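Here the structure is laid out as structure tokens; the discussion comes afterwards.
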Number of protein chains: 2
Amino acid sequence: MTDTIEQIGELELLERLKRFMPIGQIDDDTAQIQSSKKELLINTDVLVEGVHFSELTTSAHDVGWKAITSNISDLASSGSKEIIGYTIGLVIPPNTTWIWIQEFYEGMKDAMEHFGGKLLGGDCSKGKEKVISITAFGELGGIRLHRANAMTGDYLVSSGVHGLSRLGLSLLKSEKVINKIKLGKNLKERAILAHKRPMPPVKALHALEACKPIELPWRAAGTDSSDGLINAIRNICESSNCQAVIHKKSIPKDKDWPTGNMWDEWCLNGGEDYKLILSLPEKWAKNFIKEIKSAKIIGSIKEGSPKVFWDDSSEINLNSKYKFQHF
Amino acid sequence: MTDTIEQIGELELLERLKRFMPIGQIDDDTAQIQSSKKELLINTDVLVEGVHFSELTTSAHDVGWKAITSNISDLASSGSKEIIGYTIGLVIPPNTTWIWIQEFYEGMKDAMEHFGGKLLGGDCSKGKEKVISITAFGELGGIRLHRANAMTGDYLVSSGVHGLSRLGLSLLKSEKVINKIKLGKNLKERAILAHKRPMPPVKALHALEACKPIELPWRAAGTDSSDGLINAIRNICESSNCQAVIHKKSIPKDKDWPTGNMWDEWCLNGGEDYKLILSLPEKWAKNFIKEIKSAKIIGSIKEGSPKVFWDDSSEINLNSKYKFQHF
């Protein structure tokens with residue numbers, strides 16, 4: 001079980017990987033999707049070792065879970081309720097153990113059992129560092145969420161709290177910065193779980209469709225907060241050419257979240273919280289927060305060139321040292 | 001133009017990459033494909049610097065071309081004539097220059113203009129080495145080619161000659177092994193072009209459909225020879241649970257191809273020739289080689305546990321030192 005890929009060889013590796021593929025998909029160069037009357041949504045997400053995950057903080061099983069769920073989060077935040085499947089582009093160093101690969105595929109399988117879809121195919125190569133590029137396919141449901149759909153007067157809504165994943169990372173890395181403050185055991189557990197096993201906002205999308213006031217059209221702006229809450233809001237503002245005003249007292253934090261600048265920053269720019277960020281007409285927004293108890297109205301949309309403000313009129317600057325970065 | 005990604009920054013990089021994306025696809029987390037009555041074929045291929053390409057032998061433009069065409073080759077060899085689009089998972093070291101990225105995207109664009117489809121979306125991250133994971137989507141045409149469709153009595157057909165890409169690599173690397181023999185200038189040019197700008201077997205697929213004898217069913221086995229000619233034949237044998245017999249005098253070589261063990265090996269196991277390898281009823285095979293002048297009948301299919309033989313009954317062993325390997 002501690003054999004490396006180099007030791008077991010390429011042919012044996014491919015043979016073992018076939019166990020994770022549905023029958024019929026392994027004997028061809030390509031995978032096949034049945035024709036459908038519904039539109040297809042597609043998303044590609046890349047995870048790189050040392051950038052998106054590290055051996056120190058993330059088990060192979062967690063990496064597999066995250067690879068699938070980060071894609072589902074993008075699909076859900078565009079309006080896909082039914083996941084069809086995934087292809088994987090996998091790069092692994094030759095000294096990777098088979099047990100790592102197996103646990104990684106089991107993590108993906110766990111997430112698929114939870115959220116739907118199956119592995120359709122993929123490609124594998126050696127490389128200096130682990131890279132996982134997943135492409136996910138889903139059927140569009142009742143509403144197509146676009147970032148560009150926000151309108152003046154809309155309420156901004158978050159489907160859940162932010163910052164937990166960043167705190168979880170800090171706990172897993174035993175960062176000194178959190179030694180100064182005593183954190184509740186439950187908060188720590190929630191934070192580590194949020195980081196290791198993120199839950200994409202599929203329930204929130206279902207609720208959004210279910211609670212639309214009948215007199216309103218199917219128009220809503222949406223995105224996920226995988227790269228941070230403020231980043232998501234800024235993306236909506238840029239695509240919709242509007243401004244957002246965030247209520248300082250409505251930052252969507254965990255009930256036990258400490259106070260302080262760093263904690264606010266983690267909440268605003270921590271990243272990887274995978275919540276649905278929506279811009280909705282008032283009535284729809286109010287219905288939504290009744291349906292999803294973790295959801296919160298956090299601000300509103302107004303006219304103007306793309307910027308994000310606090311409700312005291314100060315601008316929220318993204319160029320924070322805590323900003324979520326992949327470069 | 002010689003600025004690196006680190007110098008221009010992540011936001012500016014994403015801004016510049018948007019130029020290569022169709023309008024409407026850049027403002028959302030996901031890409032969208034219209035519903036269709038046709039089945040969808042999907043393929044994911046990974047290219048890793050130092051494994052599949054090297055700065056020494058492959059320009060950024062060529063890498064882009066190859067990233068797209070290797071996917072099209074897989075789609076065509078499964079039966080897709082209409083390419084819809086692509087998503088890209090891209091990993092680049094921070095010291096990569098913008099000019100490299102730009103030329104890489106232009107190479108992809110060139111290939112798309114040649115073979116159809118457009119860039120639908122993707123994801124980008126830093127990493128230690130360049131990794132390109134492309135997922136391509138195509139509509140299934142008139143025939144679905146499966147590796148598992150070969151039948152006893154079929155003729156084995158190659159849509160073109162093999163070995164050129166491997167020779168091209170050798171020329172680009174100035175390998176000593178080719179100094180011993182004088183090669184025609186035209187052969188050298190063909191070889192370098194085959195390596196730098198491979199042409200997926202799209203015409204061959206069109207011809208295959210056009211020349212089917214009316215009395216025969218739409219049953220044919222097919223795959224591409226991207227990982228070598230013998231590898232492709234072996235894959236058909238394994239999936240179809242049959243044996244192949246290759247005529248030694250019918251190895252599909254370039255007309256100016258030198259003789260010798262190494263040259264035979266390059267032809268059989270060189271890889272990256274991207275030809276269509278088919279198993280067809282006799283009459284269809286004979287029609288096909290009339291349609292495609294580079295095509296050749298190279299052997300036949302017989303009963304037995306999956307093995308590949310020469311027509312003198314000696315077995316062809318894949319474990320050659322020249323075998324195309326990614327691990």
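Residues in the structure tokens are numbered from 1 in each chain, the chains being A, B, ... in the order shown, and ligands are numbered from 1 in the order shown.
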How would chain B read as an mmCIF file with C-alpha atoms, in the first residue's frame once least-squares superposed on chain A using all paired C-alpha atoms?
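In the end it all went to superposed23.cif:
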```
data_model
loop_
_atom_site.group_PDB
_atom_site.id
_atom_site.type_symbol
_atom_site.label_atom_id
_atom_site.label_comp_id
_atom_site.auth_asym_id
_atom_site.auth_seq_id
_atom_site.Cartn_x
_atom_site.Cartn_y
_atom_site.Cartn_z
ATOM 1 C CA MET B 1 -0.032 -0.017 -0.053
ATOM 2 C CA THR B 2 2.952 2.280 0.450
ATOM 3 C CA ASP B 3 4.171 1.502 -3.055
ATOM 4 C CA THR B 4 4.804 4.567 -5.170
ATOM 5 C CA ILE B 5 3.502 5.112 -8.691
ATOM 6 C CA GLU B 6 7.050 4.625 -9.947
ATOM 7 C CA GLN B 7 7.151 1.208 -8.283
ATOM 8 C CA ILE B 8 3.778 -0.064 -9.478
ATOM 9 C CA GLY B 9 4.250 1.273 -13.022
ATOM 10 C CA GLU B 10 2.012 3.148 -15.458
ATOM 11 C CA LEU B 11 0.011 0.166 -16.770
ATOM 12 C CA GLU B 12 -0.835 -1.102 -13.280
ATOM 13 C CA LEU B 13 -1.762 2.442 -12.181
ATOM 14 C CA LEU B 14 -4.193 2.826 -15.084
ATOM 15 C CA GLU B 15 -5.606 -0.621 -14.322
ATOM 16 C CA ARG B 16 -6.244 0.371 -10.694
ATOM 17 C CA LEU B 17 -7.751 3.735 -11.626
ATOM 18 C CA LYS B 18 -10.302 1.938 -13.810
ATOM 19 C CA ARG B 19 -11.956 0.681 -10.619
ATOM 20 C CA PHE B 20 -13.179 4.203 -10.018
ATOM 21 C CA MET B 21 -14.669 4.590 -13.486
ATOM 22 C CA PRO B 22 -18.167 3.510 -14.529
ATOM 23 C CA ILE B 23 -18.265 0.454 -16.798
ATOM 24 C CA GLY B 24 -18.301 1.372 -20.471
ATOM 25 C CA GLN B 25 -16.374 4.607 -20.081
ATOM 26 C CA ILE B 26 -12.969 3.004 -19.687
ATOM 27 C CA ASP B 27 -12.641 1.414 -23.115
ATOM 28 C CA ASP B 28 -12.643 4.568 -25.191
ATOM 29 C CA ASP B 29 -10.692 7.734 -25.743
ATOM 30 C CA THR B 30 -13.717 9.824 -24.857
ATOM 31 C CA ALA B 31 -16.683 9.924 -22.495
ATOM 32 C CA GLN B 32 -20.242 10.365 -23.695
ATOM 33 C CA ILE B 33 -23.185 12.370 -22.338
ATOM 34 C CA GLN B 34 -26.733 11.640 -23.459
ATOM 35 C CA SER B 35 -28.523 14.365 -25.367
ATOM 36 C CA SER B 36 -30.822 16.470 -23.220
ATOM 37 C CA LYS B 37 -33.437 19.142 -23.619
ATOM 38 C CA LYS B 38 -31.741 21.099 -20.859
ATOM 39 C CA GLU B 39 -28.816 23.469 -21.262
ATOM 40 C CA LEU B 40 -25.488 22.174 -19.997
ATOM 41 C CA LEU B 41 -23.325 24.163 -17.578
ATOM 42 C CA ILE B 42 -19.607 23.470 -17.508
ATOM 43 C CA ASN B 43 -16.922 24.399 -15.035
ATOM 44 C CA THR B 44 -13.188 23.777 -14.799
ATOM 45 C CA ASP B 45 -11.280 24.219 -11.537
ATOM 46 C CA VAL B 46 -7.597 23.652 -10.910
ATOM 47 C CA LEU B 47 -6.049 22.638 -7.590
ATOM 48 C CA VAL B 48 -2.263 22.774 -7.205
ATOM 49 C CA GLU B 49 -0.354 21.294 -4.287
ATOM 50 C CA GLY B 50 1.339 24.020 -2.296
ATOM 51 C CA VAL B 51 -1.097 26.630 -3.642
ATOM 52 C CA HIS B 52 -4.574 25.236 -2.925
ATOM 53 C CA PHE B 53 -3.685 22.433 -0.548
ATOM 54 C CA SER B 54 -0.761 21.072 1.397
ATOM 55 C CA GLU B 55 0.141 17.655 2.768
ATOM 56 C CA LEU B 56 0.376 19.279 6.201
ATOM 57 C CA THR B 57 -3.245 20.426 6.374
ATOM 58 C CA THR B 58 -5.184 18.372 3.845
ATOM 59 C CA SER B 59 -5.474 14.594 3.619
ATOM 60 C CA ALA B 60 -5.766 12.919 0.220
ATOM 61 C CA HIS B 61 -9.421 12.192 0.983
ATOM 62 C CA ASP B 62 -10.046 15.895 1.711
ATOM 63 C CA VAL B 63 -8.288 16.932 -1.510
ATOM 64 C CA GLY B 64 -10.613 14.611 -3.446
ATOM 65 C CA TRP B 65 -13.678 16.001 -1.674
ATOM 66 C CA LYS B 66 -12.557 19.586 -2.301
ATOM 67 C CA ALA B 67 -11.738 18.965 -5.972
ATOM 68 C CA ILE B 68 -15.329 17.860 -6.592
ATOM 69 C CA THR B 69 -17.177 20.264 -4.286
ATOM 70 C CA SER B 70 -15.370 23.409 -5.497
ATOM 71 C CA ASN B 71 -16.669 22.589 -8.981
ATOM 72 C CA ILE B 72 -20.183 21.883 -7.728
ATOM 73 C CA SER B 73 -20.134 25.240 -5.965
ATOM 74 C CA ASP B 74 -19.478 27.004 -9.272
ATOM 75 C CA LEU B 75 -22.183 24.999 -11.054
ATOM 76 C CA ALA B 76 -24.742 25.626 -8.278
ATOM 77 C CA SER B 77 -23.971 29.336 -8.221
ATOM 78 C CA SER B 78 -24.772 29.461 -11.937
ATOM 79 C CA GLY B 79 -28.056 27.570 -11.553
ATOM 80 C CA SER B 80 -27.265 23.866 -11.968
ATOM 81 C CA LYS B 81 -29.201 21.558 -9.640
ATOM 82 C CA GLU B 82 -28.450 18.254 -11.406
ATOM 83 C CA ILE B 83 -24.786 17.303 -11.674
ATOM 84 C CA ILE B 84 -24.100 14.910 -14.557
ATOM 85 C CA GLY B 85 -20.424 14.105 -14.186
ATOM 86 C CA TYR B 86 -16.773 14.996 -14.135
ATOM 87 C CA THR B 87 -13.569 14.484 -16.065
ATOM 88 C CA ILE B 88 -10.198 14.712 -14.360
ATOM 89 C CA GLY B 89 -6.783 15.849 -15.541
ATOM 90 C CA LEU B 90 -4.366 14.526 -12.920
ATOM 91 C CA VAL B 91 -0.642 15.236 -12.585
ATOM 92 C CA ILE B 92 1.276 13.307 -9.921
ATOM 93 C CA PRO B 93 4.959 13.041 -9.009
ATOM 94 C CA PRO B 94 6.304 9.488 -9.540
ATOM 95 C CA ASN B 95 7.018 9.174 -5.797
ATOM 96 C CA THR B 96 3.318 9.593 -4.940
ATOM 97 C CA THR B 97 2.080 6.531 -3.059
ATOM 98 C CA TRP B 98 -0.780 4.404 -4.353
ATOM 99 C CA ILE B 99 -2.517 4.889 -1.005
ATOM 100 C CA TRP B 100 -2.595 8.652 -1.616
ATOM 101 C CA ILE B 101 -4.164 8.160 -5.042
ATOM 102 C CA GLN B 102 -6.691 5.669 -3.698
ATOM 103 C CA GLU B 103 -7.758 7.936 -0.824
ATOM 104 C CA PHE B 104 -7.950 10.912 -3.186
ATOM 105 C CA TYR B 105 -10.304 8.991 -5.499
ATOM 106 C CA GLU B 106 -12.346 7.831 -2.498
ATOM 107 C CA GLY B 107 -12.690 11.462 -1.400
ATOM 108 C CA MET B 108 -13.990 12.367 -4.864
ATOM 109 C CA LYS B 109 -16.358 9.380 -4.748
ATOM 110 C CA ASP B 110 -17.703 10.466 -1.342
ATOM 111 C CA ALA B 111 -18.475 13.925 -2.686
ATOM 112 C CA MET B 112 -20.143 12.451 -5.795
ATOM 113 C CA GLU B 113 -22.330 10.213 -3.643
ATOM 114 C CA HIS B 114 -23.307 13.308 -1.663
ATOM 115 C CA PHE B 115 -23.951 15.736 -4.502
ATOM 116 C CA GLY B 116 -24.462 13.578 -7.601
ATOM 117 C CA GLY B 117 -22.621 12.956 -10.832
ATOM 118 C CA LYS B 118 -20.026 10.346 -11.722
ATOM 119 C CA LEU B 119 -16.484 10.234 -13.017
ATOM 120 C CA LEU B 120 -16.677 10.092 -16.828
ATOM 121 C CA GLY B 121 -13.042 9.980 -17.864
ATOM 122 C CA GLY B 122 -9.730 11.741 -17.687
ATOM 123 C CA ASP B 123 -6.029 11.777 -18.299
ATOM 124 C CA CYS B 124 -3.029 11.244 -16.045
ATOM 125 C CA SER B 125 0.624 12.224 -16.261
ATOM 126 C CA LYS B 126 3.694 12.483 -14.112
ATOM 127 C CA GLY B 127 4.916 15.912 -13.021
ATOM 128 C CA LYS B 128 6.894 17.707 -10.327
ATOM 129 C CA GLU B 129 3.879 18.550 -8.149
ATOM 130 C CA LYS B 130 0.318 17.343 -7.800
ATOM 131 C CA VAL B 131 -2.171 19.147 -10.038
ATOM 132 C CA ILE B 132 -5.862 18.301 -10.213
ATOM 133 C CA SER B 133 -7.932 19.838 -12.986
ATOM 134 C CA ILE B 134 -11.591 18.835 -12.760
ATOM 135 C CA THR B 135 -14.197 19.694 -15.364
ATOM 136 C CA ALA B 136 -17.764 19.278 -14.122
ATOM 137 C CA PHE B 137 -21.019 19.143 -16.097
ATOM 138 C CA GLY B 138 -24.456 19.937 -14.784
ATOM 139 C CA GLU B 139 -27.915 20.538 -16.187
ATOM 140 C CA LEU B 140 -29.349 24.009 -15.845
ATOM 141 C CA GLY B 141 -32.357 24.098 -13.492
ATOM 142 C CA GLY B 142 -35.141 26.678 -13.267
ATOM 143 C CA ILE B 143 -32.958 29.780 -13.103
ATOM 144 C CA ARG B 144 -29.735 30.813 -14.774
ATOM 145 C CA LEU B 145 -27.774 32.924 -12.317
ATOM 146 C CA HIS B 146 -25.461 35.467 -13.917
ATOM 147 C CA ARG B 147 -23.036 37.829 -12.231
ATOM 148 C CA ALA B 148 -24.264 40.492 -14.631
ATOM 149 C CA ASN B 149 -27.916 40.359 -13.484
ATOM 150 C CA ALA B 150 -27.811 42.722 -10.476
ATOM 151 C CA MET B 151 -30.083 45.791 -10.560
ATOM 152 C CA THR B 152 -30.294 49.021 -8.573
ATOM 153 C CA GLY B 153 -32.399 48.509 -5.466
ATOM 154 C CA ASP B 154 -31.556 44.802 -5.158
ATOM 155 C CA TYR B 155 -30.705 43.347 -1.773
ATOM 156 C CA LEU B 156 -27.374 41.544 -1.399
ATOM 157 C CA VAL B 157 -27.705 38.189 0.300
ATOM 158 C CA SER B 158 -25.189 35.642 1.571
ATOM 159 C CA SER B 159 -26.381 32.048 1.958
ATOM 160 C CA GLY B 160 -24.132 31.544 4.999
ATOM 161 C CA VAL B 161 -21.343 32.749 7.273
ATOM 162 C CA HIS B 162 -17.806 33.492 6.100
ATOM 163 C CA GLY B 163 -14.320 33.129 7.517
ATOM 164 C CA LEU B 164 -14.608 29.605 8.923
ATOM 165 C CA SER B 165 -12.492 27.997 6.210
ATOM 166 C CA ARG B 166 -9.686 30.528 6.738
ATOM 167 C CA LEU B 167 -9.780 29.934 10.493
ATOM 168 C CA GLY B 168 -9.757 26.191 9.867
ATOM 169 C CA LEU B 169 -6.609 26.553 7.752
ATOM 170 C CA SER B 170 -5.008 28.593 10.515
ATOM 171 C CA LEU B 171 -5.847 25.936 13.110
ATOM 172 C CA LEU B 172 -4.540 23.131 10.890
ATOM 173 C CA LYS B 173 -1.299 25.048 10.315
ATOM 174 C CA SER B 174 -1.087 26.000 14.035
ATOM 175 C CA GLU B 175 -0.530 29.617 13.036
ATOM 176 C CA LYS B 176 0.747 31.787 15.901
ATOM 177 C CA VAL B 177 -1.697 34.541 15.077
ATOM 178 C CA ILE B 178 -4.588 32.639 16.675
ATOM 179 C CA ASN B 179 -2.790 31.860 19.947
ATOM 180 C CA LYS B 180 -3.734 35.257 21.361
ATOM 181 C CA ILE B 181 -7.393 34.442 21.689
ATOM 182 C CA LYS B 182 -9.358 31.626 23.280
ATOM 183 C CA LEU B 183 -11.717 30.030 20.784
ATOM 184 C CA GLY B 184 -14.677 27.840 21.656
ATOM 185 C CA LYS B 185 -14.167 24.138 20.902
ATOM 186 C CA ASN B 186 -17.273 24.081 18.741
ATOM 187 C CA LEU B 187 -16.053 27.035 16.689
ATOM 188 C CA LYS B 188 -12.742 25.243 16.140
ATOM 189 C CA GLU B 189 -14.542 22.102 15.010
ATOM 190 C CA ARG B 190 -16.824 24.046 12.674
ATOM 191 C CA ALA B 191 -13.816 25.873 11.214
ATOM 192 C CA ILE B 192 -11.756 22.750 10.580
ATOM 193 C CA LEU B 193 -14.726 20.979 9.029
ATOM 194 C CA ALA B 194 -15.460 24.007 6.830
ATOM 195 C CA HIS B 195 -11.891 23.931 5.567
ATOM 196 C CA LYS B 196 -11.579 20.174 5.106
ATOM 197 C CA ARG B 197 -15.077 19.329 3.851
ATOM 198 C CA PRO B 198 -16.638 22.409 2.269
ATOM 199 C CA MET B 199 -20.339 22.113 1.404
ATOM 200 C CA PRO B 200 -21.331 23.717 -1.910
ATOM 201 C CA PRO B 201 -24.523 25.838 -1.791
ATOM 202 C CA VAL B 202 -26.819 23.335 -3.486
ATOM 203 C CA LYS B 203 -29.582 23.595 -0.860
ATOM 204 C CA ALA B 204 -29.453 27.374 -1.144
ATOM 205 C CA LEU B 205 -30.047 27.159 -4.903
ATOM 206 C CA HIS B 206 -33.036 24.857 -4.384
ATOM 207 C CA ALA B 207 -34.463 27.246 -1.783
ATOM 208 C CA LEU B 208 -33.889 30.239 -4.057
ATOM 209 C CA GLU B 209 -36.006 28.652 -6.779
ATOM 210 C CA ALA B 210 -38.678 27.500 -4.352
ATOM 211 C CA CYS B 211 -39.207 30.887 -2.682
ATOM 212 C CA LYS B 212 -39.417 33.208 -5.685
ATOM 213 C CA PRO B 213 -42.447 35.499 -5.348
ATOM 214 C CA ILE B 214 -44.781 34.505 -8.177
ATOM 215 C CA GLU B 215 -45.095 38.045 -9.525
ATOM 216 C CA LEU B 216 -41.339 38.485 -10.017
ATOM 217 C CA PRO B 217 -39.420 37.411 -13.158
ATOM 218 C CA TRP B 218 -36.636 34.808 -12.977
ATOM 219 C CA ARG B 219 -33.948 37.471 -12.684
ATOM 220 C CA ALA B 220 -31.263 37.212 -10.019
ATOM 221 C CA ALA B 221 -27.511 37.761 -9.916
ATOM 222 C CA GLY B 222 -25.370 35.114 -8.284
ATOM 223 C CA THR B 223 -21.869 33.810 -7.784
ATOM 224 C CA ASP B 224 -20.063 31.816 -5.121
ATOM 225 C CA SER B 225 -17.645 33.172 -2.528
ATOM 226 C CA SER B 226 -14.861 30.658 -3.194
ATOM 227 C CA ASP B 227 -12.340 33.497 -3.646
ATOM 228 C CA GLY B 228 -13.694 35.574 -0.756
ATOM 229 C CA LEU B 229 -16.889 37.427 0.114
ATOM 230 C CA ILE B 230 -15.802 40.895 -1.049
ATOM 231 C CA ASN B 231 -14.297 39.398 -4.201
ATOM 232 C CA ALA B 232 -17.671 37.803 -5.026
ATOM 233 C CA ILE B 233 -19.522 41.092 -4.434
ATOM 234 C CA ARG B 234 -16.975 42.999 -6.494
ATOM 235 C CA ASN B 235 -17.394 40.494 -9.351
ATOM 236 C CA ILE B 236 -21.158 41.095 -9.330
ATOM 237 C CA CYS B 237 -20.595 44.883 -9.326
ATOM 238 C CA GLU B 238 -18.125 44.710 -12.205
ATOM 239 C CA SER B 239 -20.262 42.419 -14.348
ATOM 240 C CA SER B 240 -23.474 44.346 -13.577
ATOM 241 C CA ASN B 241 -21.810 47.800 -13.688
ATOM 242 C CA CYS B 242 -23.167 48.849 -10.311
ATOM 243 C CA GLN B 243 -22.082 49.560 -6.735
ATOM 244 C CA ALA B 244 -22.659 47.597 -3.546
ATOM 245 C CA VAL B 245 -23.192 48.941 -0.055
ATOM 246 C CA ILE B 246 -22.434 46.473 2.751
ATOM 247 C CA HIS B 247 -23.927 46.969 6.210
ATOM 248 C CA LYS B 248 -21.045 46.786 8.670
ATOM 249 C CA LYS B 249 -23.320 45.230 11.287
ATOM 250 C CA SER B 250 -24.494 42.540 8.865
ATOM 251 C CA ILE B 251 -21.185 40.889 8.019
ATOM 252 C CA PRO B 252 -22.133 37.189 7.811
ATOM 253 C CA LYS B 253 -20.059 35.802 10.712
ATOM 254 C CA ASP B 254 -20.276 32.684 12.831
ATOM 255 C CA LYS B 255 -22.131 33.333 16.106
ATOM 256 C CA ASP B 256 -18.938 32.732 18.130
ATOM 257 C CA TRP B 257 -16.677 34.734 15.787
ATOM 258 C CA PRO B 258 -14.147 36.923 17.656
ATOM 259 C CA THR B 259 -13.916 40.673 17.058
ATOM 260 C CA GLY B 260 -10.893 42.463 15.621
ATOM 261 C CA ASN B 261 -9.408 43.552 12.321
ATOM 262 C CA MET B 262 -7.882 40.201 11.395
ATOM 263 C CA TRP B 263 -11.142 38.402 12.106
ATOM 264 C CA ASP B 264 -13.095 40.855 9.972
ATOM 265 C CA GLU B 265 -10.548 40.443 7.202
ATOM 266 C CA TRP B 266 -10.792 36.656 7.325
ATOM 267 C CA CYS B 267 -14.529 36.956 7.084
ATOM 268 C CA LEU B 268 -14.408 39.365 4.151
ATOM 269 C CA ASN B 269 -11.432 37.973 2.211
ATOM 270 C CA GLY B 270 -10.573 34.575 3.699
ATOM 271 C CA GLY B 271 -11.854 32.597 0.740
ATOM 272 C CA GLU B 272 -13.072 29.010 0.255
ATOM 273 C CA ASP B 273 -16.355 29.499 2.083
ATOM 274 C CA TYR B 274 -18.387 28.401 -0.984
ATOM 275 C CA LYS B 275 -21.537 30.312 -0.112
ATOM 276 C CA LEU B 276 -24.030 31.648 -2.627
ATOM 277 C CA ILE B 277 -23.850 35.449 -2.963
ATOM 278 C CA LEU B 278 -27.043 36.792 -4.509
ATOM 279 C CA SER B 279 -28.451 40.096 -5.669
ATOM 280 C CA LEU B 280 -32.259 39.889 -5.448
ATOM 281 C CA PRO B 281 -35.380 42.049 -5.350
ATOM 282 C CA GLU B 282 -36.320 42.875 -1.722
ATOM 283 C CA LYS B 283 -39.276 40.506 -1.473
ATOM 284 C CA TRP B 284 -37.370 37.542 -2.906
ATOM 285 C CA ALA B 285 -34.424 38.282 -0.571
ATOM 286 C CA LYS B 286 -36.736 38.320 2.439
ATOM 287 C CA ASN B 287 -38.344 35.043 1.402
ATOM 288 C CA PHE B 288 -34.886 33.509 0.910
ATOM 289 C CA ILE B 289 -33.599 34.296 4.407
ATOM 290 C CA LYS B 290 -36.749 32.693 5.822
ATOM 291 C CA GLU B 291 -36.006 29.493 3.843
ATOM 292 C CA ILE B 292 -32.290 29.271 4.652
ATOM 293 C CA LYS B 293 -31.646 29.971 8.303
ATOM 294 C CA SER B 294 -27.922 30.642 7.824
ATOM 295 C CA ALA B 295 -28.674 33.244 5.118
ATOM 296 C CA LYS B 296 -28.474 36.971 5.753
ATOM 297 C CA ILE B 297 -29.201 40.228 3.960
ATOM 298 C CA ILE B 298 -25.813 41.954 3.953
ATOM 299 C CA GLY B 299 -26.343 45.059 1.841
ATOM 300 C CA SER B 300 -27.838 46.485 -1.299
ATOM 301 C CA ILE B 301 -27.088 47.520 -4.864
ATOM 302 C CA LYS B 302 -26.999 51.107 -6.144
ATOM 303 C CA GLU B 303 -26.064 52.896 -9.337
ATOM 304 C CA GLY B 304 -22.480 53.892 -10.112
ATOM 305 C CA SER B 305 -19.162 52.657 -11.482
ATOM 306 C CA PRO B 306 -18.189 49.290 -9.945
ATOM 307 C CA LYS B 307 -17.157 49.793 -6.304
ATOM 308 C CA VAL B 308 -17.970 48.276 -2.922
ATOM 309 C CA PHE B 309 -18.685 50.523 0.092
ATOM 310 C CA TRP B 310 -19.467 50.232 3.775
ATOM 311 C CA ASP B 311 -22.711 51.868 4.866
ATOM 312 C CA ASP B 312 -20.607 54.732 6.356
ATOM 313 C CA SER B 313 -19.611 55.488 2.707
ATOM 314 C CA SER B 314 -15.972 54.368 3.076
ATOM 315 C CA GLU B 315 -14.778 52.241 0.174
ATOM 316 C CA ILE B 316 -13.812 48.623 0.785
ATOM 317 C CA ASN B 317 -10.400 48.072 -0.715
ATOM 318 C CA LEU B 318 -9.616 44.596 -2.029
ATOM 319 C CA ASN B 319 -5.850 45.078 -1.926
ATOM 320 C CA SER B 320 -5.656 43.717 1.561
ATOM 321 C CA LYS B 321 -2.722 41.656 2.740
ATOM 322 C CA TYR B 322 -5.204 38.943 3.644
ATOM 323 C CA LYS B 323 -6.655 38.771 0.120
ATOM 324 C CA PHE B 324 -7.099 35.302 -1.252
ATOM 325 C CA GLN B 325 -4.442 34.831 -3.918
ATOM 326 C CA HIS B 326 -3.406 32.196 -6.400
ATOM 327 C CA PHE B 327 -0.405 34.112 -7.757
#
```
- Item | Residue list (alpha helix (DSSP H), DSSP) for stretch 203-236 of chain B, as a list in words |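 After running DSSP on the backbone, stretch 203-236 of chain B has alpha helix (DSSP H) at Lys203, Ala204, Leu205, His206, Ala207, Leu208, Glu209, Ala210, Leu229, Ile230, Asn231, Ala232, Ile233, Arg234, Asn235 and Ile236 of chain B.
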Name the residues of stretch 274-320 of chain B that come out as strand (DSSP E) in a backbone DSSP run; write them as a short mmCIF file (atom, residue, chain, number, x, y, z; two decimals) with C-alpha atoms, in the first residue's frame.
```cif
data_model
loop_
_atom_site.label_atom_id
_atom_site.label_comp_id
_atom_site.auth_asym_id
_atom_site.auth_seq_id
_atom_site.Cartn_x
_atom_site.Cartn_y
_atom_site.Cartn_z
CA LEU B 276 -7.09 6.92 -36.92
CA ILE B 277 -6.63 3.18 -36.31
CA LEU B 278 -9.70 1.26 -37.44
CA SER B 279 -10.98 -2.29 -37.43
CA LEU B 280 -13.43 -2.66 -40.33
CA LYS B 296 -3.27 1.53 -45.56
CA ILE B 297 -4.55 -1.91 -44.63
CA ILE B 298 -1.99 -3.09 -42.07
CA GLY B 299 -3.39 -6.37 -40.78
CA SER B 300 -6.44 -8.21 -39.59
CA ILE B 301 -8.33 -9.35 -36.51
CA LYS B 302 -8.63 -12.96 -35.32
CA LYS B 307 -2.28 -10.15 -28.23
CA VAL B 308 -0.63 -8.56 -31.26
CA PHE B 309 1.40 -10.69 -33.71
CA TRP B 310 3.47 -10.28 -36.84
#
```
